[in-house]
Amino acid sequence: MTRRGVRWPLAGAVLALLVVPASVGTAGGDHGHPPRPPKPPTAVAGDGRSTVGALFLDNGAGPHFCTATVIASRHRNLLLTAAHCMFENETGPPRERVAFVPGYRDGQRPYGTWPVREVVVSPQWRERADPDHDVAVLVVDEGIEDRTGAQRLLLDSRREQVVEVLGYPVRDERPVSCRNWTAEFSRTQRGFDCRGYLTGTSGGPWLTARGEVVGLVGGFQFGGDEVLHNYSPYLGDQARALYERAQQVRPGAGGGR
């Protein structure tokens, strides 16, 4: 069992809510240059935000095991998470009966429970669980954005910038968050050092100060080593292809519950 990954069953300070247009951007990111901390910080529990939530087994009746984020889209019904969250055996068919609970905290579900209708991942993930493709776009019923708002997906962003990372550890009922610089781990992976991202934080968004999603907890080592080092696949062409495919899926109109 890898740390934030999902095998058992499959199994970050908070920014103000930012609702953005249903579009995908490129480049950009934080323009300021705050000082780098003298040592890696530690994630702390907080209230979270409406657009970030926990993924639950058994259509929401089971335990929570990973993290996902509402991203702005044409039909207002897409989530971003790590691909390994949705595949119990890494490859093969995706998990069934998974539900998303945005803004989950202390057992409360202020924006309802949203069953996952479809899982969109790349062929490279399905065939060989390529960590550079550890990205999934989830389709839920139309209208979740109207309840929660959404974060803008920012692709091809610069590799070093300050982000805040949120995630739901499986043993906690509140999300944790931490803010630090990203770094280039490899051409296809980014790094982020912060303590406290345990199992369940996989899929958690890497957010700029403007609320743009530039990464997620996943990729190398299924997102990190559970001690200090955290990773994300670099979000570029592979994430763009998934996003475009997911927007072509005919949405349902269930509206959560």
# chains A, B, ... in the order shown; residues from 1 in each chain; ligands from 1

call {"tool": "select_by_dssp", "arguments": {"residues": "region 13-255 of chain A", "states": "helix (DSSP H, G or I)", "output": "VMD selection string"}}
result
chain A and resid 58 to 60 83 to 86 123 to 128 131 to 133 144 to 148 220 to 223 237 to 246

call {"tool": "residues_around", "arguments": {"residues": "Pro251 (chain A)", "least_positions_apart": "4", "cutoff": "10 Å", "atoms": "only C-alpha atoms", "output": "ChimeraX atom specification"}}
result
/A:75-78,117-118,139-143,246-247

call {"tool": "write_last_selection", "arguments": {"atoms": "all heavy atoms", "output": "mmCIF file, in the first residue's frame"}}
result
data_model
loop_
_atom_site.group_PDB
_atom_site.id
_atom_site.type_symbol
_atom_site.label_atom_id
_atom_site.label_comp_id
_atom_site.auth_asym_id
_atom_site.auth_seq_id
_atom_site.Cartn_x
_atom_site.Cartn_y
_atom_site.Cartn_z
ATOM 1 N N HIS A 75 -20.508 22.104 -19.028
ATOM 2 C CA HIS A 75 -21.746 21.612 -18.436
ATOM 3 C C HIS A 75 -21.771 21.749 -16.917
ATOM 4 O O HIS A 75 -22.694 21.251 -16.265
ATOM 5 C CB HIS A 75 -21.957 20.146 -18.829
ATOM 6 C CG HIS A 75 -22.150 19.942 -20.298
ATOM 7 N ND1 HIS A 75 -23.190 20.495 -21.004
ATOM 8 C CD2 HIS A 75 -21.399 19.254 -21.206
ATOM 9 C CE1 HIS A 75 -23.100 20.151 -22.276
ATOM 10 N NE2 HIS A 75 -22.022 19.407 -22.428
ATOM 11 N N ARG A 76 -20.735 22.363 -16.352
ATOM 12 C CA ARG A 76 -20.696 22.659 -14.914
ATOM 13 C C ARG A 76 -20.808 21.396 -14.079
ATOM 14 O O ARG A 76 -21.519 21.365 -13.072
ATOM 15 C CB ARG A 76 -21.801 23.671 -14.570
ATOM 16 C CG ARG A 76 -21.793 24.900 -15.474
ATOM 17 C CD ARG A 76 -22.920 25.854 -15.179
ATOM 18 N NE ARG A 76 -22.738 26.533 -13.887
ATOM 19 C CZ ARG A 76 -21.915 27.546 -13.682
ATOM 20 N NH1 ARG A 76 -21.157 28.002 -14.657
ATOM 21 N NH2 ARG A 76 -21.828 28.109 -12.495
ATOM 22 N N ASN A 77 -20.033 20.366 -14.491
ATOM 23 C CA ASN A 77 -20.203 19.074 -13.829
ATOM 24 C C ASN A 77 -18.936 18.219 -13.796
ATOM 25 O O ASN A 77 -19.033 16.986 -13.757
ATOM 26 C CB ASN A 77 -21.303 18.273 -14.541
ATOM 27 C CG ASN A 77 -20.880 17.829 -15.939
ATOM 28 O OD1 ASN A 77 -20.133 18.528 -16.638
ATOM 29 N ND2 ASN A 77 -21.354 16.666 -16.360
ATOM 30 N N LEU A 78 -17.750 18.821 -13.781
ATOM 31 C CA LEU A 78 -16.517 18.036 -13.825
ATOM 32 C C LEU A 78 -15.684 18.196 -12.558
ATOM 33 O O LEU A 78 -15.658 19.267 -11.935
ATOM 34 C CB LEU A 78 -15.663 18.438 -15.033
ATOM 35 C CG LEU A 78 -16.282 18.230 -16.417
ATOM 36 C CD1 LEU A 78 -15.264 18.580 -17.495
ATOM 37 C CD2 LEU A 78 -16.799 16.804 -16.591
ATOM 38 N N ARG A 117 -20.438 9.562 -12.367
ATOM 39 C CA ARG A 117 -21.095 8.900 -13.495
ATOM 40 C C ARG A 117 -20.108 8.315 -14.488
ATOM 41 O O ARG A 117 -20.388 7.307 -15.131
ATOM 42 C CB ARG A 117 -22.018 9.886 -14.208
ATOM 43 C CG ARG A 117 -23.046 10.561 -13.316
ATOM 44 C CD ARG A 117 -23.953 9.548 -12.626
ATOM 45 N NE ARG A 117 -25.045 10.225 -11.907
ATOM 46 C CZ ARG A 117 -25.895 9.605 -11.107
ATOM 47 N NH1 ARG A 117 -25.787 8.295 -10.907
ATOM 48 N NH2 ARG A 117 -26.851 10.273 -10.483
ATOM 49 N N GLU A 118 -18.958 8.964 -14.647
ATOM 50 C CA GLU A 118 -17.979 8.469 -15.621
ATOM 51 C C GLU A 118 -16.583 8.913 -15.200
ATOM 52 O O GLU A 118 -16.407 9.985 -14.608
ATOM 53 C CB GLU A 118 -18.304 8.976 -17.024
ATOM 54 C CG GLU A 118 -17.459 8.329 -18.099
ATOM 55 C CD GLU A 118 -18.110 8.381 -19.477
ATOM 56 O OE1 GLU A 118 -19.356 8.520 -19.552
ATOM 57 O OE2 GLU A 118 -17.372 8.267 -20.462
ATOM 58 N N VAL A 139 -16.947 12.791 -14.169
ATOM 59 C CA VAL A 139 -18.200 13.419 -14.594
ATOM 60 C C VAL A 139 -19.264 13.124 -13.545
ATOM 61 O O VAL A 139 -19.505 11.964 -13.190
ATOM 62 C CB VAL A 139 -18.643 12.879 -15.967
ATOM 63 C CG1 VAL A 139 -19.945 13.556 -16.402
ATOM 64 C CG2 VAL A 139 -17.542 13.097 -17.015
ATOM 65 N N VAL A 140 -19.901 14.173 -13.044
ATOM 66 C CA VAL A 140 -21.035 14.019 -12.130
ATOM 67 C C VAL A 140 -22.247 14.680 -12.792
ATOM 68 O O VAL A 140 -22.187 15.105 -13.942
ATOM 69 C CB VAL A 140 -20.743 14.635 -10.743
ATOM 70 C CG1 VAL A 140 -19.589 13.912 -10.076
ATOM 71 C CG2 VAL A 140 -20.454 16.133 -10.840
ATOM 72 N N ASP A 141 -23.357 14.751 -12.084
ATOM 73 C CA ASP A 141 -24.553 15.344 -12.664
ATOM 74 C C ASP A 141 -24.379 16.840 -12.886
ATOM 75 O O ASP A 141 -23.657 17.525 -12.152
ATOM 76 C CB ASP A 141 -25.758 15.096 -11.758
ATOM 77 C CG ASP A 141 -26.172 13.640 -11.734
ATOM 78 O OD1 ASP A 141 -25.883 12.926 -12.710
ATOM 79 O OD2 ASP A 141 -26.777 13.216 -10.730
ATOM 80 N N GLU A 142 -25.059 17.336 -13.876
ATOM 81 C CA GLU A 142 -25.006 18.750 -14.228
ATOM 82 C C GLU A 142 -25.465 19.605 -13.050
ATOM 83 O O GLU A 142 -26.398 19.250 -12.330
ATOM 84 C CB GLU A 142 -25.914 18.993 -15.433
ATOM 85 C CG GLU A 142 -25.651 20.278 -16.173
ATOM 86 C CD GLU A 142 -26.396 20.308 -17.496
ATOM 87 O OE1 GLU A 142 -27.306 19.465 -17.670
ATOM 88 O OE2 GLU A 142 -26.069 21.144 -18.341
ATOM 89 N N GLY A 143 -24.779 20.724 -12.837
ATOM 90 C CA GLY A 143 -25.233 21.690 -11.852
ATOM 91 C C GLY A 143 -24.436 21.769 -10.574
ATOM 92 O O GLY A 143 -24.731 22.616 -9.720
ATOM 93 N N ALA A 246 -13.873 14.844 -21.491
ATOM 94 C CA ALA A 246 -14.907 14.826 -20.458
ATOM 95 C C ALA A 246 -16.022 15.812 -20.765
ATOM 96 O O ALA A 246 -17.189 15.559 -20.439
ATOM 97 C CB ALA A 246 -14.286 15.138 -19.099
ATOM 98 N N GLN A 247 -15.701 16.917 -21.408
ATOM 99 C CA GLN A 247 -16.729 17.901 -21.726
ATOM 100 C C GLN A 247 -17.677 17.419 -22.820
ATOM 101 O O GLN A 247 -18.760 17.986 -23.012
ATOM 102 C CB GLN A 247 -16.090 19.229 -22.132
ATOM 103 C CG GLN A 247 -15.346 19.895 -20.995
ATOM 104 C CD GLN A 247 -15.237 21.383 -21.174
ATOM 105 O OE1 GLN A 247 -16.059 22.158 -20.664
ATOM 106 N NE2 GLN A 247 -14.230 21.809 -21.906
#

call {"tool": "closest_residue", "arguments": {"among": "A:Ala129, A:Leu154, A:Leu216, A:Val249", "to": "Asn89 (chain A)", "atoms": "only C-alpha atoms"}}
result
A:Ala129

call {"tool": "closest_residue", "arguments": {"among": "A:Gly149, A:Gly60, A:Pro94, A:Gly191", "to": "Gln161 (chain A)", "atoms": "only C-alpha atoms"}}
result
A:Gly191

call {"tool": "residues_around", "arguments": {"residues": "Val120 (chain A)", "least_positions_apart": "4", "cutoff": "10 Å", "atoms": "only C-alpha atoms", "output": "ChimeraX atom specification"}}
result
/A:80,83,86,94,135-139,241-243,245-246,249

call {"tool": "select_by_dssp", "arguments": {"residues": "region 36-232 of chain A", "states": "strand (DSSP E)", "output": "number ranges by chain"}}
result
A: 44-45, 52-56, 64-71, 78-81, 99-102, 114-115, 118-120, 136-139, 152-155, 162-167, 176-184, 189-193, 205-207, 212-216, 229-232

call {"tool": "closest_atom_pairs", "arguments": {"of": "region 56-171 of chain A", "to": "region 36-51 of chain A", "cutoff": "10 Å", "atoms": "only C-alpha atoms", "output": "tab-separated table"}}
result
residue	atom	partner	partner_atom	distance
A:Ala68	CA	A:Thr51	CA	8.5
A:Thr69	CA	A:Thr51	CA	5.7
A:Val70	CA	A:Thr51	CA	5.2
A:Ile71	CA	A:Thr51	CA	8.0
A:Leu79	CA	A:Thr51	CA	9.2
A:Val101	CA	A:Ser50	CA	9.5
A:Pro102	CA	A:Ser50	CA	5.7
A:Gly103	CA	A:Ser50	CA	4.3
A:Tyr104	CA	A:Gly48	CA	8.1
A:Arg105	CA	A:Asp47	CA	7.0
A:Asp106	CA	A:Asp47	CA	9.5
A:Pro110	CA	A:Ser50	CA	8.5
A:Tyr111	CA	A:Ser50	CA	7.7
A:Ile144	CA	A:Thr51	CA	9.3
A:Glu145	CA	A:Thr51	CA	8.2
A:Arg147	CA	A:Ser50	CA	8.5
A:Thr148	CA	A:Ser50	CA	5.2
A:Gly149	CA	A:Thr51	CA	6.1
A:Ala150	CA	A:Thr51	CA	5.7
A:Gln151	CA	A:Thr51	CA	7.0
A:Val162	CA	A:Arg36	CA	9.0
A:Glu164	CA	A:Ala43	CA	9.8
A:Val165	CA	A:Ala43	CA	8.7
A:Leu166	CA	A:Gly48	CA	7.5
A:Gly167	CA	A:Gly48	CA	8.8
A:Tyr168	CA	A:Ala45	CA	9.2
A:Pro169	CA	A:Ala45	CA	9.8

call {"tool": "atom_distance", "arguments": {"atom1": "CA of Asn230 (chain A)", "atom2": "CA of Ser202 (chain A)"}}
result
9.8 Å

call {"tool": "atom_distance", "arguments": {"atom1": "CA of Arg187 (chain A)", "atom2": "CA of Val119 (chain A)"}}
result
26.2 Å

call {"tool": "residues_around", "arguments": {"residues": "Phe185 (chain A)", "least_positions_apart": "3", "cutoff": "12 Å", "atoms": "only C-alpha atoms", "output": "ChimeraX atom specification"}}
result
/A:132,159-160,182,188-193,219-220,224,229-234

call {"tool": "atom_distance", "arguments": {"atom1": "CA of Ala61 (chain A)", "atom2": "CA of His133 (chain A)"}}
result
29.1 Å

call {"tool": "decode", "arguments": {"residues": "region 52-85 of chain A", "atoms": "N, CA, C and O atoms", "output": "PDB file, in the first residue's frame"}}
result
ATOM      1  N   VAL A  52     -13.714  21.874  -3.023  1.00  0.00           N
ATOM      2  CA  VAL A  52     -12.850  20.713  -2.747  1.00  0.00           C
ATOM      3  C   VAL A  52     -13.580  19.783  -1.792  1.00  0.00           C
ATOM      4  O   VAL A  52     -14.180  20.234  -0.815  1.00  0.00           O
ATOM      5  N   GLY A  53     -13.529  18.497  -2.100  1.00  0.00           N
ATOM      6  CA  GLY A  53     -14.243  17.562  -1.246  1.00  0.00           C
ATOM      7  C   GLY A  53     -13.612  16.195  -1.222  1.00  0.00           C
ATOM      8  O   GLY A  53     -12.555  15.964  -1.812  1.00  0.00           O
ATOM      9  N   ALA A  54     -14.263  15.303  -0.535  1.00  0.00           N
ATOM     10  CA  ALA A  54     -13.778  13.933  -0.367  1.00  0.00           C
ATOM     11  C   ALA A  54     -14.544  12.988  -1.273  1.00  0.00           C
ATOM     12  O   ALA A  54     -15.749  13.165  -1.511  1.00  0.00           O
ATOM     13  N   LEU A  55     -13.851  11.968  -1.760  1.00  0.00           N
ATOM     14  CA  LEU A  55     -14.472  10.879  -2.509  1.00  0.00           C
ATOM     15  C   LEU A  55     -14.790   9.751  -1.534  1.00  0.00           C
ATOM     16  O   LEU A  55     -13.944   9.357  -0.724  1.00  0.00           O
ATOM     17  N   PHE A  56     -16.006   9.233  -1.644  1.00  0.00           N
ATOM     18  CA  PHE A  56     -16.489   8.184  -0.740  1.00  0.00           C
ATOM     19  C   PHE A  56     -16.812   6.921  -1.521  1.00  0.00           C
ATOM     20  O   PHE A  56     -17.273   6.972  -2.672  1.00  0.00           O
ATOM     21  N   LEU A  57     -16.637   5.789  -0.874  1.00  0.00           N
ATOM     22  CA  LEU A  57     -17.052   4.513  -1.434  1.00  0.00           C
ATOM     23  C   LEU A  57     -18.546   4.301  -1.202  1.00  0.00           C
ATOM     24  O   LEU A  57     -19.184   5.009  -0.424  1.00  0.00           O
ATOM     25  N   ASP A  58     -19.094   3.283  -1.870  1.00  0.00           N
ATOM     26  CA  ASP A  58     -20.469   2.843  -1.681  1.00  0.00           C
ATOM     27  C   ASP A  58     -21.463   3.984  -1.868  1.00  0.00           C
ATOM     28  O   ASP A  58     -22.382   4.173  -1.059  1.00  0.00           O
ATOM     29  N   ASN A  59     -21.249   4.759  -2.948  1.00  0.00           N
ATOM     30  CA  ASN A  59     -22.152   5.878  -3.283  1.00  0.00           C
ATOM     31  C   ASN A  59     -22.320   6.875  -2.150  1.00  0.00           C
ATOM     32  O   ASN A  59     -23.375   7.492  -1.995  1.00  0.00           O
ATOM     33  N   GLY A  60     -21.274   7.007  -1.335  1.00  0.00           N
ATOM     34  CA  GLY A  60     -21.306   7.985  -0.258  1.00  0.00           C
ATOM     35  C   GLY A  60     -21.579   7.407   1.101  1.00  0.00           C
ATOM     36  O   GLY A  60     -21.420   8.091   2.112  1.00  0.00           O
ATOM     37  N   ALA A  61     -21.973   6.136   1.174  1.00  0.00           N
ATOM     38  CA  ALA A  61     -22.278   5.505   2.458  1.00  0.00           C
ATOM     39  C   ALA A  61     -21.037   4.912   3.111  1.00  0.00           C
ATOM     40  O   ALA A  61     -21.035   4.635   4.309  1.00  0.00           O
ATOM     41  N   GLY A  62     -19.981   4.682   2.344  1.00  0.00           N
ATOM     42  CA  GLY A  62     -18.760   4.107   2.869  1.00  0.00           C
ATOM     43  C   GLY A  62     -17.794   5.162   3.357  1.00  0.00           C
ATOM     44  O   GLY A  62     -18.139   6.343   3.502  1.00  0.00           O
ATOM     45  N   PRO A  63     -16.543   4.760   3.622  1.00  0.00           N
ATOM     46  CA  PRO A  63     -15.537   5.720   4.088  1.00  0.00           C
ATOM     47  C   PRO A  63     -15.018   6.600   2.957  1.00  0.00           C
ATOM     48  O   PRO A  63     -15.112   6.251   1.781  1.00  0.00           O
ATOM     49  N   HIS A  64     -14.467   7.753   3.325  1.00  0.00           N
ATOM     50  CA  HIS A  64     -13.820   8.580   2.303  1.00  0.00           C
ATOM     51  C   HIS A  64     -12.372   8.121   2.147  1.00  0.00           C
ATOM     52  O   HIS A  64     -11.749   7.639   3.086  1.00  0.00           O
ATOM     53  N   PHE A  65     -11.858   8.245   0.909  1.00  0.00           N
ATOM     54  CA  PHE A  65     -10.568   7.641   0.604  1.00  0.00           C
ATOM     55  C   PHE A  65      -9.655   8.502  -0.238  1.00  0.00           C
ATOM     56  O   PHE A  65      -8.468   8.224  -0.359  1.00  0.00           O
ATOM     57  N   CYS A  66     -10.149   9.534  -0.891  1.00  0.00           N
ATOM     58  CA  CYS A  66      -9.351  10.403  -1.744  1.00  0.00           C
ATOM     59  C   CYS A  66     -10.001  11.780  -1.795  1.00  0.00           C
ATOM     60  O   CYS A  66     -11.041  12.013  -1.168  1.00  0.00           O
ATOM     61  N   THR A  67      -9.405  12.680  -2.574  1.00  0.00           N
ATOM     62  CA  THR A  67      -9.824  14.073  -2.646  1.00  0.00           C
ATOM     63  C   THR A  67     -10.052  14.462  -4.107  1.00  0.00           C
ATOM     64  O   THR A  67      -9.380  13.938  -4.994  1.00  0.00           O
ATOM     65  N   ALA A  68     -10.994  15.347  -4.360  1.00  0.00           N
ATOM     66  CA  ALA A  68     -11.259  15.828  -5.718  1.00  0.00           C
ATOM     67  C   ALA A  68     -11.683  17.290  -5.660  1.00  0.00           C
ATOM     68  O   ALA A  68     -12.020  17.816  -4.593  1.00  0.00           O
ATOM     69  N   THR A  69     -11.693  17.928  -6.835  1.00  0.00           N
ATOM     70  CA  THR A  69     -11.980  19.361  -6.935  1.00  0.00           C
ATOM     71  C   THR A  69     -12.929  19.631  -8.092  1.00  0.00           C
ATOM     72  O   THR A  69     -12.766  19.066  -9.178  1.00  0.00           O
ATOM     73  N   VAL A  70     -13.904  20.498  -7.881  1.00  0.00           N
ATOM     74  CA  VAL A  70     -14.774  20.931  -8.963  1.00  0.00           C
ATOM     75  C   VAL A  70     -14.000  21.900  -9.849  1.00  0.00           C
ATOM     76  O   VAL A  70     -13.444  22.898  -9.366  1.00  0.00           O
ATOM     77  N   ILE A  71     -13.923  21.590 -11.140  1.00  0.00           N
ATOM     78  CA  ILE A  71     -13.247  22.475 -12.080  1.00  0.00           C
ATOM     79  C   ILE A  71     -14.267  23.060 -13.056  1.00  0.00           C
ATOM     80  O   ILE A  71     -15.243  22.406 -13.419  1.00  0.00           O
ATOM     81  N   ALA A  72     -14.040  24.293 -13.458  1.00  0.00           N
ATOM     82  CA  ALA A  72     -14.973  24.981 -14.345  1.00  0.00           C
ATOM     83  C   ALA A  72     -15.072  24.258 -15.679  1.00  0.00           C
ATOM     84  O   ALA A  72     -14.069  23.839 -16.252  1.00  0.00           O
ATOM     85  N   SER A  73     -16.291  24.095 -16.183  1.00  0.00           N
ATOM     86  CA  SER A  73     -16.499  23.349 -17.420  1.00  0.00           C
ATOM     87  C   SER A  73     -17.789  23.777 -18.093  1.00  0.00           C
ATOM     88  O   SER A  73     -18.633  24.456 -17.496  1.00  0.00           O
ATOM     89  N   ARG A  74     -17.960  23.340 -19.331  1.00  0.00           N
ATOM     90  CA  ARG A  74     -19.110  23.741 -20.139  1.00  0.00           C
ATOM     91  C   ARG A  74     -20.428  23.340 -19.494  1.00  0.00           C
ATOM     92  O   ARG A  74     -21.379  24.118 -19.435  1.00  0.00           O
ATOM     93  N   HIS A  75     -20.508  22.104 -19.028  1.00  0.00           N
ATOM     94  CA  HIS A  75     -21.746  21.612 -18.436  1.00  0.00           C
ATOM     95  C   HIS A  75     -21.771  21.749 -16.917  1.00  0.00           C
ATOM     96  O   HIS A  75     -22.694  21.251 -16.265  1.00  0.00           O
ATOM     97  N   ARG A  76     -20.735  22.363 -16.352  1.00  0.00           N
ATOM     98  CA  ARG A  76     -20.696  22.659 -14.914  1.00  0.00           C
ATOM     99  C   ARG A  76     -20.808  21.396 -14.079  1.00  0.00           C
ATOM    100  O   ARG A  76     -21.519  21.365 -13.072  1.00  0.00           O
ATOM    101  N   ASN A  77     -20.033  20.366 -14.491  1.00  0.00           N
ATOM    102  CA  ASN A  77     -20.203  19.074 -13.829  1.00  0.00           C
ATOM    103  C   ASN A  77     -18.936  18.219 -13.796  1.00  0.00           C
ATOM    104  O   ASN A  77     -19.033  16.986 -13.757  1.00  0.00           O
ATOM    105  N   LEU A  78     -17.750  18.821 -13.781  1.00  0.00           N
ATOM    106  CA  LEU A  78     -16.517  18.036 -13.825  1.00  0.00           C
ATOM    107  C   LEU A  78     -15.684  18.196 -12.558  1.00  0.00           C
ATOM    108  O   LEU A  78     -15.658  19.267 -11.935  1.00  0.00           O
ATOM    109  N   LEU A  79     -15.010  17.097 -12.203  1.00  0.00           N
ATOM    110  CA  LEU A  79     -14.098  17.069 -11.070  1.00  0.00           C
ATOM    111  C   LEU A  79     -12.715  16.644 -11.546  1.00  0.00           C
ATOM    112  O   LEU A  79     -12.588  15.904 -12.519  1.00  0.00           O
ATOM    113  N   LEU A  80     -11.683  17.069 -10.816  1.00  0.00           N
ATOM    114  CA  LEU A  80     -10.317  16.634 -11.083  1.00  0.00           C
ATOM    115  C   LEU A  80      -9.787  15.872  -9.883  1.00  0.00           C
ATOM    116  O   LEU A  80      -9.941  16.309  -8.735  1.00  0.00           O
ATOM    117  N   THR A  81      -9.166  14.712 -10.139  1.00  0.00           N
ATOM    118  CA  THR A  81      -8.544  13.936  -9.080  1.00  0.00           C
ATOM    119  C   THR A  81      -7.396  13.138  -9.674  1.00  0.00           C
ATOM    120  O   THR A  81      -7.080  13.264 -10.862  1.00  0.00           O
ATOM    121  N   ALA A  82      -6.753  12.324  -8.861  1.00  0.00           N
ATOM    122  CA  ALA A  82      -5.682  11.452  -9.347  1.00  0.00           C
ATOM    123  C   ALA A  82      -6.285  10.181  -9.930  1.00  0.00           C
ATOM    124  O   ALA A  82      -7.249   9.626  -9.378  1.00  0.00           O
ATOM    125  N   ALA A  83      -5.730   9.701 -11.023  1.00  0.00           N
ATOM    126  CA  ALA A  83      -6.259   8.483 -11.649  1.00  0.00           C
ATOM    127  C   ALA A  83      -6.174   7.303 -10.693  1.00  0.00           C
ATOM    128  O   ALA A  83      -7.086   6.460 -10.648  1.00  0.00           O
ATOM    129  N   HIS A  84      -5.099   7.204  -9.905  1.00  0.00           N
ATOM    130  CA  HIS A  84      -4.959   6.018  -9.043  1.00  0.00           C
ATOM    131  C   HIS A  84      -6.046   5.951  -7.981  1.00  0.00           C
ATOM    132  O   HIS A  84      -6.299   4.882  -7.430  1.00  0.00           O
ATOM    133  N   CYS A  85      -6.706   7.075  -7.710  1.00  0.00           N
ATOM    134  CA  CYS A  85      -7.827   7.042  -6.769  1.00  0.00           C
ATOM    135  C   CYS A  85      -8.979   6.200  -7.293  1.00  0.00           C
ATOM    136  O   CYS A  85      -9.733   5.611  -6.517  1.00  0.00           O
TER     137      CYS A  85
END
